[in-house]
>>> print(open('query02.cif').read())   # mmCIF, C-alpha atoms
data_final
loop_
_atom_site.label_atom_id
_atom_site.label_comp_id
_atom_site.auth_asym_id
_atom_site.auth_seq_id
_atom_site.Cartn_x
_atom_site.Cartn_y
_atom_site.Cartn_z
CA MET A 1 -66.41 31.94 2.20
CA GLY A 2 -65.31 28.37 1.56
CA LEU A 3 -62.78 26.47 3.60
CA LEU A 4 -59.51 28.31 4.15
CA ASP A 5 -56.23 26.85 2.94
CA LEU A 6 -54.53 27.11 6.32
CA GLU A 7 -50.98 26.62 5.03
CA ARG A 8 -51.47 29.36 2.43
CA MET A 9 -53.02 31.67 5.02
CA LYS A 10 -50.19 31.00 7.45
CA GLU A 11 -47.76 32.21 4.79
CA ALA A 12 -50.01 35.19 4.08
CA LYS A 13 -50.00 36.08 7.79
CA ARG A 14 -46.19 35.98 7.82
CA GLY A 15 -46.10 38.39 4.87
CA PHE A 16 -48.74 40.61 6.45
CA LEU A 17 -46.77 40.92 9.69
CA MET A 18 -43.51 41.44 7.81
CA ASN A 19 -45.07 44.32 5.85
CA PHE A 20 -46.35 45.89 9.05
CA ARG A 21 -42.99 45.62 10.81
CA LYS A 22 -41.12 47.10 7.86
CA GLY A 23 -43.57 49.97 7.63
CA ALA A 24 -43.48 50.59 11.36
CA LYS A 25 -39.67 50.63 11.42
CA ALA A 26 -39.53 53.02 8.47
CA GLU A 27 -42.08 55.37 10.08
CA ALA A 28 -41.01 55.27 13.73
CA GLY A 29 -37.32 54.55 13.28
CA ALA A 30 -37.67 51.49 15.49
CA PHE A 31 -40.50 49.09 16.09
CA GLU A 32 -42.39 49.79 19.31
CA ALA A 33 -44.30 46.99 21.05
CA ASP A 34 -47.33 49.25 21.67
CA HIS A 35 -47.42 50.64 18.14
CA PRO A 36 -51.04 51.13 16.99
CA VAL A 37 -52.46 48.30 14.87
CA SER A 38 -53.48 50.67 12.06
CA PRO A 39 -51.04 50.35 9.12
CA PRO A 40 -48.37 53.01 8.63
CA ASP A 41 -49.08 55.54 5.88
CA GLY A 42 -48.33 54.31 2.39
CA VAL A 43 -47.88 50.65 3.39
CA ASP A 44 -49.97 48.00 1.62
CA LEU A 45 -50.19 45.23 4.23
CA MET A 46 -51.50 42.74 1.65
CA GLU A 47 -48.65 43.26 -0.84
CA GLY A 48 -47.06 39.95 -1.78
CA THR A 49 -49.18 37.89 0.61
CA GLY A 50 -51.30 36.19 -2.06
CA ALA A 51 -54.43 36.74 0.04
CA THR A 52 -57.31 39.18 0.14
CA LEU A 53 -58.21 41.32 3.12
CA GLU A 54 -61.42 39.29 3.58
CA GLU A 55 -59.43 36.04 3.69
CA MET A 56 -57.04 37.49 6.25
CA ILE A 57 -59.92 38.65 8.48
CA ALA A 58 -61.50 35.19 8.22
CA HIS A 59 -58.17 33.60 9.11
CA TYR A 60 -57.74 35.75 12.21
CA ARG A 61 -61.29 34.90 13.27
CA TRP A 62 -60.55 31.20 12.80
CA GLU A 63 -57.40 31.55 14.91
CA GLY A 64 -59.45 33.32 17.60
CA ARG A 65 -61.99 30.48 17.73
CA ARG A 66 -59.19 27.91 17.79
CA ASP A 67 -57.42 29.69 20.66
CA TRP A 68 -60.69 29.98 22.61
CA SER A 69 -61.33 26.23 22.18
CA TYR A 70 -57.79 25.43 23.28
CA THR A 71 -58.12 27.63 26.36
CA ALA A 72 -61.41 25.96 27.27
CA MET A 73 -59.72 22.56 26.91
CA LEU A 74 -56.87 23.67 29.19
CA HIS A 75 -59.38 24.70 31.84
CA ARG A 76 -60.98 21.26 31.74
CA ALA A 77 -57.55 19.60 31.87
CA ALA A 78 -56.65 21.78 34.86
CA ASN A 79 -59.79 20.61 36.65
CA VAL A 80 -58.85 16.99 36.01
CA GLY A 81 -55.30 17.68 37.21
CA LEU A 82 -56.55 19.28 40.41
CA ALA A 83 -58.86 16.34 41.08
CA VAL A 84 -55.94 13.94 40.63
CA GLU A 85 -53.70 16.09 42.83
CA TYR A 86 -55.98 16.35 45.85
CA GLY A 87 -57.30 12.85 45.21
CA MET A 88 -53.80 11.37 45.45
CA HIS A 89 -53.14 13.22 48.70
CA GLU A 90 -56.39 11.95 50.21
CA VAL A 91 -55.84 8.39 48.97
CA ASN A 92 -52.32 8.41 50.41
CA SER A 93 -53.68 9.58 53.77
CA GLU A 94 -56.45 6.97 53.80
CA THR A 95 -54.12 4.11 52.85
CA TYR A 96 -51.85 5.09 55.75
CA GLN A 97 -54.83 4.81 58.12
CA ILE A 98 -55.94 1.49 56.61
CA ASN A 99 -52.39 0.15 56.95
CA TYR A 100 -52.31 1.17 60.63
CA ARG A 101 -55.74 -0.31 61.42
CA LEU A 102 -55.02 -3.63 59.70
CA ARG A 103 -51.84 -4.05 61.72
CA GLU A 104 -53.69 -3.26 64.96
CA VAL A 105 -56.36 -5.89 64.22
CA MET A 106 -53.74 -8.49 63.25
CA LYS A 107 -52.00 -8.12 66.61
CA ASN A 108 -54.92 -9.91 68.28
CA LEU A 109 -55.15 -12.80 65.78
CA PRO A 110 -53.20 -16.07 66.08
CA ASP A 111 -50.63 -16.78 63.39
CA GLU A 112 -52.63 -19.76 62.04
CA SER A 113 -55.89 -17.79 61.80
CA LYS A 114 -57.61 -17.79 58.39
CA ASP A 115 -58.71 -14.20 59.00
CA ARG A 116 -55.10 -13.21 59.63
CA ALA A 117 -54.08 -14.63 56.23
CA LEU A 118 -56.83 -12.60 54.52
CA LEU A 119 -55.77 -9.44 56.33
CA GLU A 120 -52.14 -10.02 55.38
CA ASP A 121 -53.18 -10.18 51.72
CA ALA A 122 -55.15 -6.96 52.15
CA LEU A 123 -52.15 -5.33 53.83
CA LYS A 124 -49.91 -6.30 50.90
CA GLY A 125 -52.40 -4.68 48.55
CA VAL A 126 -52.42 -1.45 50.55
CA GLU A 127 -48.62 -1.35 50.71
CA ARG A 128 -48.39 -1.98 46.98
CA PHE A 129 -50.87 0.83 46.36
CA ARG A 130 -48.79 3.22 48.45
CA SER A 131 -45.66 2.11 46.57
CA ILE A 132 -47.36 2.90 43.25
CA LEU A 133 -48.31 6.38 44.47
CA SER A 134 -44.71 6.96 45.54
CA THR A 135 -43.40 5.75 42.15
CA MET A 136 -45.83 8.02 40.31
CA ASN A 137 -44.47 11.01 42.21
CA THR A 138 -40.91 10.24 41.07
CA TYR A 139 -41.83 11.04 37.47
CA SER A 140 -42.13 14.71 38.41
CA ASP A 141 -38.54 14.60 39.67
CA GLY A 142 -36.15 16.60 37.49
CA SER A 143 -33.42 14.00 38.05
CA LEU A 144 -35.16 11.52 35.72
CA GLY A 145 -33.43 13.06 32.75
CA ARG A 146 -32.10 10.11 30.76
CA ARG A 147 -32.78 10.50 27.05
CA GLY A 148 -33.60 7.26 25.29
CA VAL A 149 -34.54 4.79 28.02
CA PRO A 150 -33.32 1.19 27.46
CA GLY A 151 -36.11 -1.32 26.83
CA PRO A 152 -35.28 -3.51 29.88
CA ASP A 153 -35.49 -0.47 32.17
CA VAL A 154 -38.88 0.47 30.76
CA LEU A 155 -40.10 -3.10 31.13
CA LYS A 156 -39.01 -3.14 34.79
CA GLN A 157 -40.89 0.08 35.53
CA VAL A 158 -43.98 -1.28 33.77
CA ASN A 159 -43.86 -4.41 35.93
CA ASP A 160 -43.29 -2.36 39.09
CA ILE A 161 -46.52 -0.46 38.43
CA LEU A 162 -48.69 -2.98 36.59
CA GLY A 163 -47.12 -6.38 37.32
CA GLU A 164 -49.54 -7.44 40.08
CA ALA A 165 -52.60 -6.34 38.11
CA LEU A 166 -51.40 -8.17 34.99
CA LYS A 167 -50.88 -11.33 37.02
CA ARG A 168 -54.25 -11.04 38.78
CA TRP A 169 -56.17 -10.70 35.50
CA ASN A 170 -54.09 -13.33 33.63
CA VAL A 171 -52.69 -10.87 31.08
CA THR A 172 -49.46 -12.12 29.48
CA LEU A 173 -46.95 -9.35 28.74
CA THR A 174 -44.09 -10.32 26.41
CA ALA A 175 -41.23 -8.39 24.82
CA SER A 176 -39.18 -9.21 21.75
CA ASP A 177 -35.37 -9.26 21.65
CA ALA A 178 -35.56 -6.08 19.55
CA PHE A 179 -37.50 -4.30 22.30
CA LEU A 180 -34.91 -5.37 24.87
CA GLU A 181 -32.22 -3.85 22.62
CA CYS A 182 -34.08 -0.62 21.85
CA LYS A 183 -34.22 2.77 23.51
CA VAL A 184 -37.68 4.23 24.03
CA PRO A 185 -37.53 7.80 22.65
CA GLY A 186 -37.59 10.88 24.84
CA LEU A 187 -36.73 11.79 28.42
CA GLU A 188 -37.49 9.17 31.04
CA LYS A 189 -39.79 11.35 33.14
CA TYR A 190 -41.98 12.04 30.09
CA SER A 191 -41.81 8.96 27.89
CA VAL A 192 -42.02 6.20 30.51
CA PRO A 193 -45.31 7.42 32.07
CA ALA A 194 -46.75 7.75 28.56
CA PHE A 195 -45.58 4.22 27.79
CA ILE A 196 -47.08 2.84 31.01
CA ASN A 197 -50.40 4.53 30.19
CA LEU A 198 -50.45 2.94 26.72
CA ILE A 199 -49.85 -0.51 28.21
CA ARG A 200 -52.52 0.10 30.86
CA ASN A 201 -54.99 0.96 28.08
CA ALA A 202 -54.03 -2.21 26.23
CA PHE A 203 -54.49 -4.16 29.47
CA TYR A 204 -58.06 -2.86 29.76
CA TRP A 205 -59.02 -3.64 26.17
CA THR A 206 -57.67 -7.21 26.28
CA GLY A 207 -60.61 -7.91 28.60
CA GLN A 208 -63.11 -6.76 25.97
CA SER A 209 -62.64 -9.69 23.57
CA ASP A 210 -62.87 -13.49 23.77
CA ARG A 211 -59.20 -14.00 22.91
CA GLU A 212 -56.45 -14.87 25.37
CA ARG A 213 -55.38 -11.69 27.14
CA ARG A 214 -51.97 -10.80 25.68
CA ILE A 215 -49.80 -7.70 25.16
CA HIS A 216 -46.59 -7.79 23.12
CA LEU A 217 -43.83 -5.18 22.91
CA ASP A 218 -41.61 -4.89 19.86
CA ALA A 219 -39.30 -2.33 18.24
CA SER A 220 -37.57 -1.58 14.96
CA PRO A 221 -34.62 0.75 14.28
CA VAL A 222 -34.79 3.68 11.85
CA GLU A 223 -31.53 5.03 10.44
CA PHE A 224 -31.16 8.76 9.85
CA GLU A 225 -28.33 10.65 8.18
CA PRO A 226 -25.21 10.42 10.38
CA TYR A 227 -24.41 13.27 12.75
CA GLU A 228 -21.94 15.88 11.52
CA ASP A 229 -19.05 14.07 13.23
CA GLY A 230 -19.94 10.85 11.39
CA THR A 231 -21.57 9.13 14.37
CA PRO A 232 -24.49 6.90 13.28
CA HIS A 233 -27.93 8.34 14.06
CA VAL A 234 -30.46 5.63 14.93
CA GLU A 235 -33.93 6.13 16.41
CA TRP A 236 -36.49 3.48 17.37
CA VAL A 237 -40.16 2.90 16.61
CA VAL A 238 -41.68 0.93 19.48
CA SER A 239 -44.93 -1.04 19.15
CA ILE A 240 -47.49 -2.07 21.77
CA SER A 241 -49.82 -4.77 20.42
CA ASP A 242 -52.79 -6.31 22.20
CA SER A 243 -55.43 -9.00 21.75
CA GLY A 244 -58.40 -6.69 22.34
CA PRO A 245 -61.14 -5.73 19.88
CA GLY A 246 -58.93 -3.24 18.00
CA VAL A 247 -59.59 0.40 17.04
CA ASP A 248 -62.10 1.46 14.39
CA PRO A 249 -59.99 3.17 11.65
CA ALA A 250 -62.42 6.09 11.72
CA MET A 251 -61.50 6.63 15.38
CA SER A 252 -57.71 6.31 15.02
CA GLU A 253 -57.18 10.09 15.39
CA VAL A 254 -60.30 10.93 17.38
CA ILE A 255 -59.10 8.92 20.39
CA PHE A 256 -56.14 11.29 20.76
CA GLU A 257 -58.43 14.29 21.15
CA PRO A 258 -58.92 15.53 24.73
CA PHE A 259 -61.95 14.26 26.65
CA ARG A 260 -62.77 11.55 24.10
CA SER A 261 -62.96 8.13 25.69
CA GLY A 262 -64.30 4.73 24.72
CA ARG A 263 -64.66 3.56 28.32
CA ARG A 264 -66.19 6.40 30.37
CA SER A 265 -62.88 7.64 31.74
CA THR A 266 -61.65 11.25 31.65
CA GLY A 267 -60.61 10.80 28.02
CA ILE A 268 -57.40 12.73 28.53
CA GLY A 269 -54.82 9.93 28.83
CA LEU A 270 -54.03 9.39 25.14
CA TYR A 271 -54.08 13.13 24.50
CA LEU A 272 -51.50 13.65 27.26
CA CYS A 273 -49.38 10.76 25.95
CA ARG A 274 -49.14 12.45 22.57
CA GLN A 275 -48.45 15.87 24.08
CA VAL A 276 -45.58 14.77 26.36
CA LEU A 277 -44.01 12.79 23.54
CA ALA A 278 -44.29 15.81 21.23
CA ARG A 279 -41.92 17.62 23.57
CA GLU A 280 -39.27 15.09 22.53
CA ARG A 281 -40.10 15.31 18.80
CA ALA A 282 -41.87 11.95 19.08
CA THR A 283 -45.49 10.88 18.74
CA VAL A 284 -47.89 7.98 19.14
CA ILE A 285 -50.29 6.70 16.48
CA VAL A 286 -52.53 3.71 15.87
CA ALA A 287 -51.16 1.34 13.23
CA PRO A 288 -53.59 1.03 10.30
CA GLU A 289 -53.63 -2.78 10.39
CA PRO A 290 -54.77 -5.07 13.25
CA SER A 291 -52.00 -6.56 15.37
CA GLU A 292 -50.87 -10.18 15.02
CA LEU A 293 -52.69 -10.75 18.32
CA GLY A 294 -55.92 -9.63 16.67
CA GLY A 295 -56.30 -6.26 18.41
CA ALA A 296 -54.71 -2.83 18.09
CA THR A 297 -51.09 -1.78 17.72
CA PHE A 298 -49.90 1.58 19.02
CA LEU A 299 -46.63 2.89 17.59
CA VAL A 300 -44.31 5.28 19.46
CA GLY A 301 -41.44 6.90 17.59
CA PRO A 302 -40.03 10.02 15.91
CA THR A 303 -42.68 12.37 14.54
CA SER A 304 -40.71 12.66 11.30
CA VAL A 305 -41.20 8.91 10.75
CA LEU A 306 -44.73 8.29 12.05
CA ASN A 307 -46.34 11.61 11.14
CA PRO A 308 -43.98 13.55 8.87
CA ALA A 309 -44.71 17.17 8.03
CA PRO A 310 -45.26 18.01 4.34
CA ALA A 311 -42.05 18.82 2.50
CA LEU A 312 -41.30 22.53 2.30
CA PRO A 313 -41.68 23.88 -1.25
CA PRO A 314 -38.58 25.47 -2.86
CA SER A 315 -40.11 28.96 -2.59
CA MET A 316 -40.57 28.52 1.17
CA LYS A 317 -37.02 27.24 1.58
CA GLU A 318 -35.67 30.27 -0.29
CA ARG A 319 -37.69 32.58 1.92
CA LEU A 320 -36.42 30.85 5.04
CA ARG A 321 -32.87 31.07 3.70
CA VAL A 322 -33.10 34.84 3.16
CA GLU A 323 -34.67 35.40 6.59
CA ALA A 324 -32.13 33.11 8.28
CA ILE A 325 -29.21 35.06 6.78
CA GLY A 326 -30.85 38.32 7.91
CA ILE A 327 -31.27 36.99 11.44
CA ALA A 328 -27.69 35.69 11.46
CA GLN A 329 -26.38 39.13 10.45
CA LEU A 330 -28.26 40.81 13.31
CA VAL A 331 -26.77 38.26 15.74
CA ILE A 332 -23.28 38.77 14.30
CA ASP A 333 -23.65 42.55 14.72
CA GLY A 334 -24.91 42.13 18.28
CA LYS A 335 -28.32 43.66 17.50
CA THR A 336 -30.37 41.25 19.59
CA ARG A 337 -33.00 43.89 20.41
CA GLU A 338 -33.73 44.37 16.73
CA LEU A 339 -33.76 40.59 16.33
CA VAL A 340 -36.63 40.23 18.79
CA GLU A 341 -38.50 43.33 17.66
CA PHE A 342 -38.31 42.84 13.92
CA TYR A 343 -38.07 39.08 13.48
CA GLY A 344 -40.14 37.89 16.47
CA GLU A 345 -42.39 35.34 14.77
CA GLN A 346 -39.94 34.45 12.02
CA TYR A 347 -37.16 33.86 14.53
CA ALA A 348 -39.38 31.42 16.44
CA GLU A 349 -39.92 29.46 13.23
CA LEU A 350 -36.21 29.50 12.46
CA SER A 351 -35.18 28.25 15.89
CA ARG A 352 -33.13 25.08 16.07
CA GLU A 353 -35.92 22.80 17.32
CA ALA A 354 -38.59 24.15 14.94
CA LEU A 355 -36.32 23.59 11.95
CA ARG A 356 -35.30 20.11 13.04
CA VAL A 357 -38.94 19.05 13.23
CA ARG A 358 -39.72 20.47 9.81
CA LEU A 359 -36.59 19.22 8.06
CA GLU A 360 -35.95 15.79 9.56
CA GLY A 361 -35.72 12.93 7.08
CA PRO A 362 -34.07 13.14 3.64
CA GLN A 363 -32.32 16.50 3.39
CA ASP A 364 -30.82 18.46 0.52
CA ASP A 365 -28.09 21.12 0.67
CA ASP A 366 -30.60 23.90 1.44
CA ASP A 367 -31.95 21.94 4.42
CA ARG A 368 -28.49 21.26 5.77
CA PHE A 369 -27.51 24.92 5.47
CA LEU A 370 -30.63 26.04 7.34
CA LEU A 371 -29.91 23.58 10.14
CA ARG A 372 -26.26 24.68 10.36
CA LEU A 373 -27.28 28.32 10.42
CA ALA A 374 -29.97 27.71 13.07
CA ASP A 375 -27.38 25.90 15.19
CA GLY A 376 -24.88 28.70 14.67
CA ILE A 377 -27.38 31.42 15.65
CA GLU A 378 -28.39 29.51 18.76
CA ASP A 379 -24.78 28.86 19.75
CA VAL A 380 -23.83 32.55 19.52
CA LEU A 381 -26.93 33.64 21.47
CA ARG A 382 -26.03 31.13 24.18
CA SER A 383 -22.33 32.13 24.13
CA ARG A 384 -21.22 28.68 22.95
CA SER A 385 -19.45 30.10 19.90
CA THR A 386 -18.32 33.45 18.52
CA PRO A 387 -19.94 35.80 15.97
CA GLU A 388 -16.89 35.21 13.77
CA GLU A 389 -17.71 31.51 13.54
CA LEU A 390 -21.28 32.32 12.53
CA GLN A 391 -19.97 34.81 9.98
CA GLY A 392 -17.93 31.97 8.49
CA ILE A 393 -21.07 29.89 7.92
CA VAL A 394 -22.76 32.84 6.16
CA ASP A 395 -19.68 33.64 4.06
CA GLU A 396 -19.37 30.02 2.98
CA GLU A 397 -23.00 29.95 1.85
CA LEU A 398 -22.72 33.26 -0.01
CA GLY A 399 -19.48 32.22 -1.69
CA VAL A 400 -17.40 34.94 -0.06
CA ASP A 401 -13.65 34.41 -0.54
CA VAL A 402 -12.43 34.88 3.00
CA THR A 403 -8.77 34.47 1.88
CA ALA A 404 -8.92 37.50 -0.45
CA PRO A 405 -7.44 40.76 0.89
CA PRO A 406 -10.04 43.34 1.93
CA ARG A 407 -10.84 46.05 -0.59
CA ILE A 408 -9.78 49.57 0.42
#
>>> encode(input="query02.cif", output="structure tokens")
Amino acid sequence: MGLLDLERMKEAKRGFLMNFRKGAKAEAGAFEADHPVSPPDGVDLMEGTGATLEEMIAHYRWEGRRDWSYTAMLHRAANVGLAVEYGMHEVNSETYQINYRLREVMKNLPDESKDRALLEDALKGVERFRSILSTMNTYSDGSLGRRGVPGPDVLKQVNDILGEALKRWNVTLTASDAFLECKVPGLEKYSVPAFINLIRNAFYWTGQSDRERRIHLDASPVEFEPYEDGTPHVEWVVSISDSGPGVDPAMSEVIFEPFRSGRRSTGIGLYLCRQVLARERATVIVAPEPSELGGATFLVGPTSVLNPAPALPPSMKERLRVEAIGIAQLVIDGKTRELVEFYGEQYAELSREALRVRLEGPQDDDDRFLLRLADGIEDVLRSRSTPEELQGIVDEELGVDVTAPPRI
């Protein structure tokens, strides 16, 4: 077989599972989680999927290989994480001992001793190292929950971690007025460590060219459609430019793959940066053109701006609309068990966050209805609104005259 059209096969899989669930419900009266995989009598699982049985088998095999590769990657990442974990504990213990021993030696040296001055410098380095370890641990603290961290706060944290190293290696870090006015996207405990890692990478690469070692931070606002209450919706795209050798365009995506490194490191830093930002519907990419400093520019911002998903075709939107109304009706009727059993995969794709990622950017009336309905479903499930309010959204879409008297 040739290469599979993954988007087409994803739709075929949705149809395949839908056919199975319908057949299973009709045969058993209710879908059972341990129902045998063999199709119910009289049900054509391929009906309406637009795929052949051979294509579907090939697709499932491809998914199996992909999942195996992902699991293998997670195991390697876990090994790296464990090494960092026990390594940090050991380093912290050793720096405590070094700190103690330096102070003991210094007690016996006169204040004007040259050796004492050298030891004092070493002691400052040890204390700074311990401070960095302590700061790193704070990023696992759940209290760092600010969303959209102001540029000056990010710059301060960068200098707290990297300031001494930048000064020692004569790297000039500058920030534009726009950066000082911006808000770096995402939650502080996720986005700031990613941002620091990107600057640390830039710091390294500035030493691999003959140019003056410089890093520059900039930002530009992106306006989205206002929120429903009319409040302006502005996000920021932040840039990190350096004077290093730049990134080969052929490598601009490869460097974000796990365990791919251009400098004999673990090769997991950029991958983790992209993953933690993805949690906040943001991403990081390499700009296609060299920076004004001659090196690379990394851009951090909303995924819908830097790496937008393909627009949903009208047929897909109509299918989502029908499924969303069906899900809403189950929620209105209080049939949450049936919701999970019958619509499991479809409900996941119609969740609030999944839809926002797929529909951000220019939106038509169908998009806005899907987002309203997803919000309404989520609000009822979380007891933030009533089924009657959700029914109103559905009635409005279907053109039901809610002021007309009920028919007897």
>>> residues_around(input="query02.cif", residues="Gly294 of chain A", least_positions_apart="6", cutoff="9 Å", atoms="only C-alpha atoms", output="ChimeraX atom specification")
/A:211,241-246
>>> resolve_selection(input="query02.cif", expression="the PyMOL selection byres ((chain A and resi 271) around 12)", output="PyMOL selection string")
chain A and resi 73-74+77+194+197-198+253-261+266-270+272-278+283-285
>>> write_last_selection(input="query02.cif", atoms="C-alpha atoms", output="PDB file, in the coordinates of the input")
ATOM      1  CA  MET A  73     -59.720  22.560  26.910  1.00  0.00           C
ATOM      2  CA  LEU A  74     -56.870  23.670  29.190  1.00  0.00           C
ATOM      3  CA  ALA A  77     -57.550  19.600  31.870  1.00  0.00           C
ATOM      4  CA  ALA A 194     -46.750   7.750  28.560  1.00  0.00           C
ATOM      5  CA  ASN A 197     -50.400   4.530  30.190  1.00  0.00           C
ATOM      6  CA  LEU A 198     -50.450   2.940  26.720  1.00  0.00           C
ATOM      7  CA  GLU A 253     -57.180  10.090  15.390  1.00  0.00           C
ATOM      8  CA  VAL A 254     -60.300  10.930  17.380  1.00  0.00           C
ATOM      9  CA  ILE A 255     -59.100   8.920  20.390  1.00  0.00           C
ATOM     10  CA  PHE A 256     -56.140  11.290  20.760  1.00  0.00           C
ATOM     11  CA  GLU A 257     -58.430  14.290  21.150  1.00  0.00           C
ATOM     12  CA  PRO A 258     -58.920  15.530  24.730  1.00  0.00           C
ATOM     13  CA  PHE A 259     -61.950  14.260  26.650  1.00  0.00           C
ATOM     14  CA  ARG A 260     -62.770  11.550  24.100  1.00  0.00           C
ATOM     15  CA  SER A 261     -62.960   8.130  25.690  1.00  0.00           C
ATOM     16  CA  THR A 266     -61.650  11.250  31.650  1.00  0.00           C
ATOM     17  CA  GLY A 267     -60.610  10.800  28.020  1.00  0.00           C
ATOM     18  CA  ILE A 268     -57.400  12.730  28.530  1.00  0.00           C
ATOM     19  CA  GLY A 269     -54.820   9.930  28.830  1.00  0.00           C
ATOM     20  CA  LEU A 270     -54.030   9.390  25.140  1.00  0.00           C
ATOM     21  CA  LEU A 272     -51.500  13.650  27.260  1.00  0.00           C
ATOM     22  CA  CYS A 273     -49.380  10.760  25.950  1.00  0.00           C
ATOM     23  CA  ARG A 274     -49.140  12.450  22.570  1.00  0.00           C
ATOM     24  CA  GLN A 275     -48.450  15.870  24.080  1.00  0.00           C
ATOM     25  CA  VAL A 276     -45.580  14.770  26.360  1.00  0.00           C
ATOM     26  CA  LEU A 277     -44.010  12.790  23.540  1.00  0.00           C
ATOM     27  CA  ALA A 278     -44.290  15.810  21.230  1.00  0.00           C
ATOM     28  CA  THR A 283     -45.490  10.880  18.740  1.00  0.00           C
ATOM     29  CA  VAL A 284     -47.890   7.980  19.140  1.00  0.00           C
ATOM     30  CA  ILE A 285     -50.290   6.700  16.480  1.00  0.00           C
TER      31      ILE A 285
END
>>> closest_residue(input="query02.cif", among="A:Ile98, A:Val305, A:Leu173, A:Met106", to="Ala202 of chain A", atoms="all atoms listed in the file")
A:Leu173
>>> resolve_selection(input="query02.cif", expression="the PyMOL selection byres ((chain A and resi 380) around 12)", output="PyMOL selection string")
chain A and resi 327-334+336+373-379+381-391
>>> resolve_selection(input="query02.cif", expression="the PyMOL selection byres ((chain A and resi 249) around 12)", output="PDB file with C-alpha atoms, in the coordinates of the input")
ATOM      1  CA  GLY A 246     -58.930  -3.240  18.000  1.00  0.00           C
ATOM      2  CA  VAL A 247     -59.590   0.400  17.040  1.00  0.00           C
ATOM      3  CA  ASP A 248     -62.100   1.460  14.390  1.00  0.00           C
ATOM      4  CA  ALA A 250     -62.420   6.090  11.720  1.00  0.00           C
ATOM      5  CA  MET A 251     -61.500   6.630  15.380  1.00  0.00           C
ATOM      6  CA  SER A 252     -57.710   6.310  15.020  1.00  0.00           C
ATOM      7  CA  GLU A 253     -57.180  10.090  15.390  1.00  0.00           C
ATOM      8  CA  VAL A 254     -60.300  10.930  17.380  1.00  0.00           C
ATOM      9  CA  ILE A 255     -59.100   8.920  20.390  1.00  0.00           C
ATOM     10  CA  ILE A 285     -50.290   6.700  16.480  1.00  0.00           C
ATOM     11  CA  VAL A 286     -52.530   3.710  15.870  1.00  0.00           C
ATOM     12  CA  ALA A 287     -51.160   1.340  13.230  1.00  0.00           C
ATOM     13  CA  PRO A 288     -53.590   1.030  10.300  1.00  0.00           C
ATOM     14  CA  GLU A 289     -53.630  -2.780  10.390  1.00  0.00           C
ATOM     15  CA  PRO A 290     -54.770  -5.070  13.250  1.00  0.00           C
ATOM     16  CA  ALA A 296     -54.710  -2.830  18.090  1.00  0.00           C
ATOM     17  CA  THR A 297     -51.090  -1.780  17.720  1.00  0.00           C
TER      18      THR A 297
END
>>> atom_distance(input="query02.cif", atom1="atom CA of Gly392 of chain A", atom2="atom CA of Gly230 of chain A")
21.4 Å
>>> residues_near_point(input="query02.cif", point="(-33.9, 5.9, 11.9)", cutoff="10 Å", atoms="all atoms listed in the file", output="count of residues only")
18
>>> axis_aligned_box(input="query02.cif", around="segment 11-22 of chain A", padding_each_side="5 Å", output="lines of an AutoDock Vina configuration file")
center_x = -45.6
center_y = 39.7
center_z = 7.4
size_x = 18.9
size_y = 24.9
size_z = 16.7
>>> residues_around(input="query02.cif", residues="Ala175 of chain A", least_positions_apart="3", cutoff="8 Å", atoms="only C-alpha atoms", output="ChimeraX atom specification")
/A:179-180,216-218
>>> atom_distance(input="query02.cif", atom1="atom CA of Met46 of chain A", atom2="atom CA of Trp68 of chain A")
26.2 Å
>>> atom_distance(input="query02.cif", atom1="atom CA of Ile196 of chain A", atom2="atom CA of Thr71 of chain A")
27.5 Å
>>> closest_residue(input="query02.cif", among="A:Pro110, A:Gly48, A:Pro314, A:Pro185", to="Asp367 of chain A", atoms="all atoms listed in the file")
A:Pro314
>>> closest_residue(input="query02.cif", among="A:Glu188, A:Glu112, A:Glu212, A:Glu396", to="Val171 of chain A", atoms="only C-alpha atoms")
A:Glu212
>>> closest_residue(input="query02.cif", among="A:Asn79, A:Asn137, A:Ser239, A:Asn159", to="Lys189 of chain A", atoms="all atoms listed in the file")
A:Asn137
>>> closest_residue(input="query02.cif", among="A:Leu371, A:Val149, A:Met316, A:Leu299", to="Gly186 of chain A", atoms="only C-alpha atoms")
A:Val149
>>> closest_residue(input="query02.cif", among="A:Ala165, A:Trp205, A:Lys22, A:Ala58", to="Asp41 of chain A", atoms="all atoms listed in the file")
A:Lys22
>>> build_atoms(input="query02.cif", residues="segment 44-49 of chain A", atoms="N, CA and C atoms", output="PDB file, in the coordinates of the input")
ATOM      1  N   ASP A  44     -48.922  48.955   1.997  1.00  0.00           N
ATOM      2  CA  ASP A  44     -49.970  48.000   1.620  1.00  0.00           C
ATOM      3  C   ASP A  44     -49.688  46.683   2.362  1.00  0.00           C
ATOM      4  N   LEU A  45     -50.453  46.424   3.407  1.00  0.00           N
ATOM      5  CA  LEU A  45     -50.190  45.230   4.230  1.00  0.00           C
ATOM      6  C   LEU A  45     -50.415  43.939   3.471  1.00  0.00           C
ATOM      7  N   MET A  46     -51.190  43.978   2.377  1.00  0.00           N
ATOM      8  CA  MET A  46     -51.500  42.740   1.650  1.00  0.00           C
ATOM      9  C   MET A  46     -50.510  42.492   0.514  1.00  0.00           C
ATOM     10  N   GLU A  47     -49.568  43.405   0.290  1.00  0.00           N
ATOM     11  CA  GLU A  47     -48.650  43.260  -0.840  1.00  0.00           C
ATOM     12  C   GLU A  47     -47.825  41.977  -0.715  1.00  0.00           C
ATOM     13  N   GLY A  48     -47.868  41.159  -1.738  1.00  0.00           N
ATOM     14  CA  GLY A  48     -47.060  39.950  -1.780  1.00  0.00           C
ATOM     15  C   GLY A  48     -47.550  38.811  -0.925  1.00  0.00           C
ATOM     16  N   THR A  49     -48.701  38.965  -0.273  1.00  0.00           N
ATOM     17  CA  THR A  49     -49.180  37.890   0.610  1.00  0.00           C
ATOM     18  C   THR A  49     -49.964  36.818  -0.145  1.00  0.00           C
TER      19      THR A  49
END
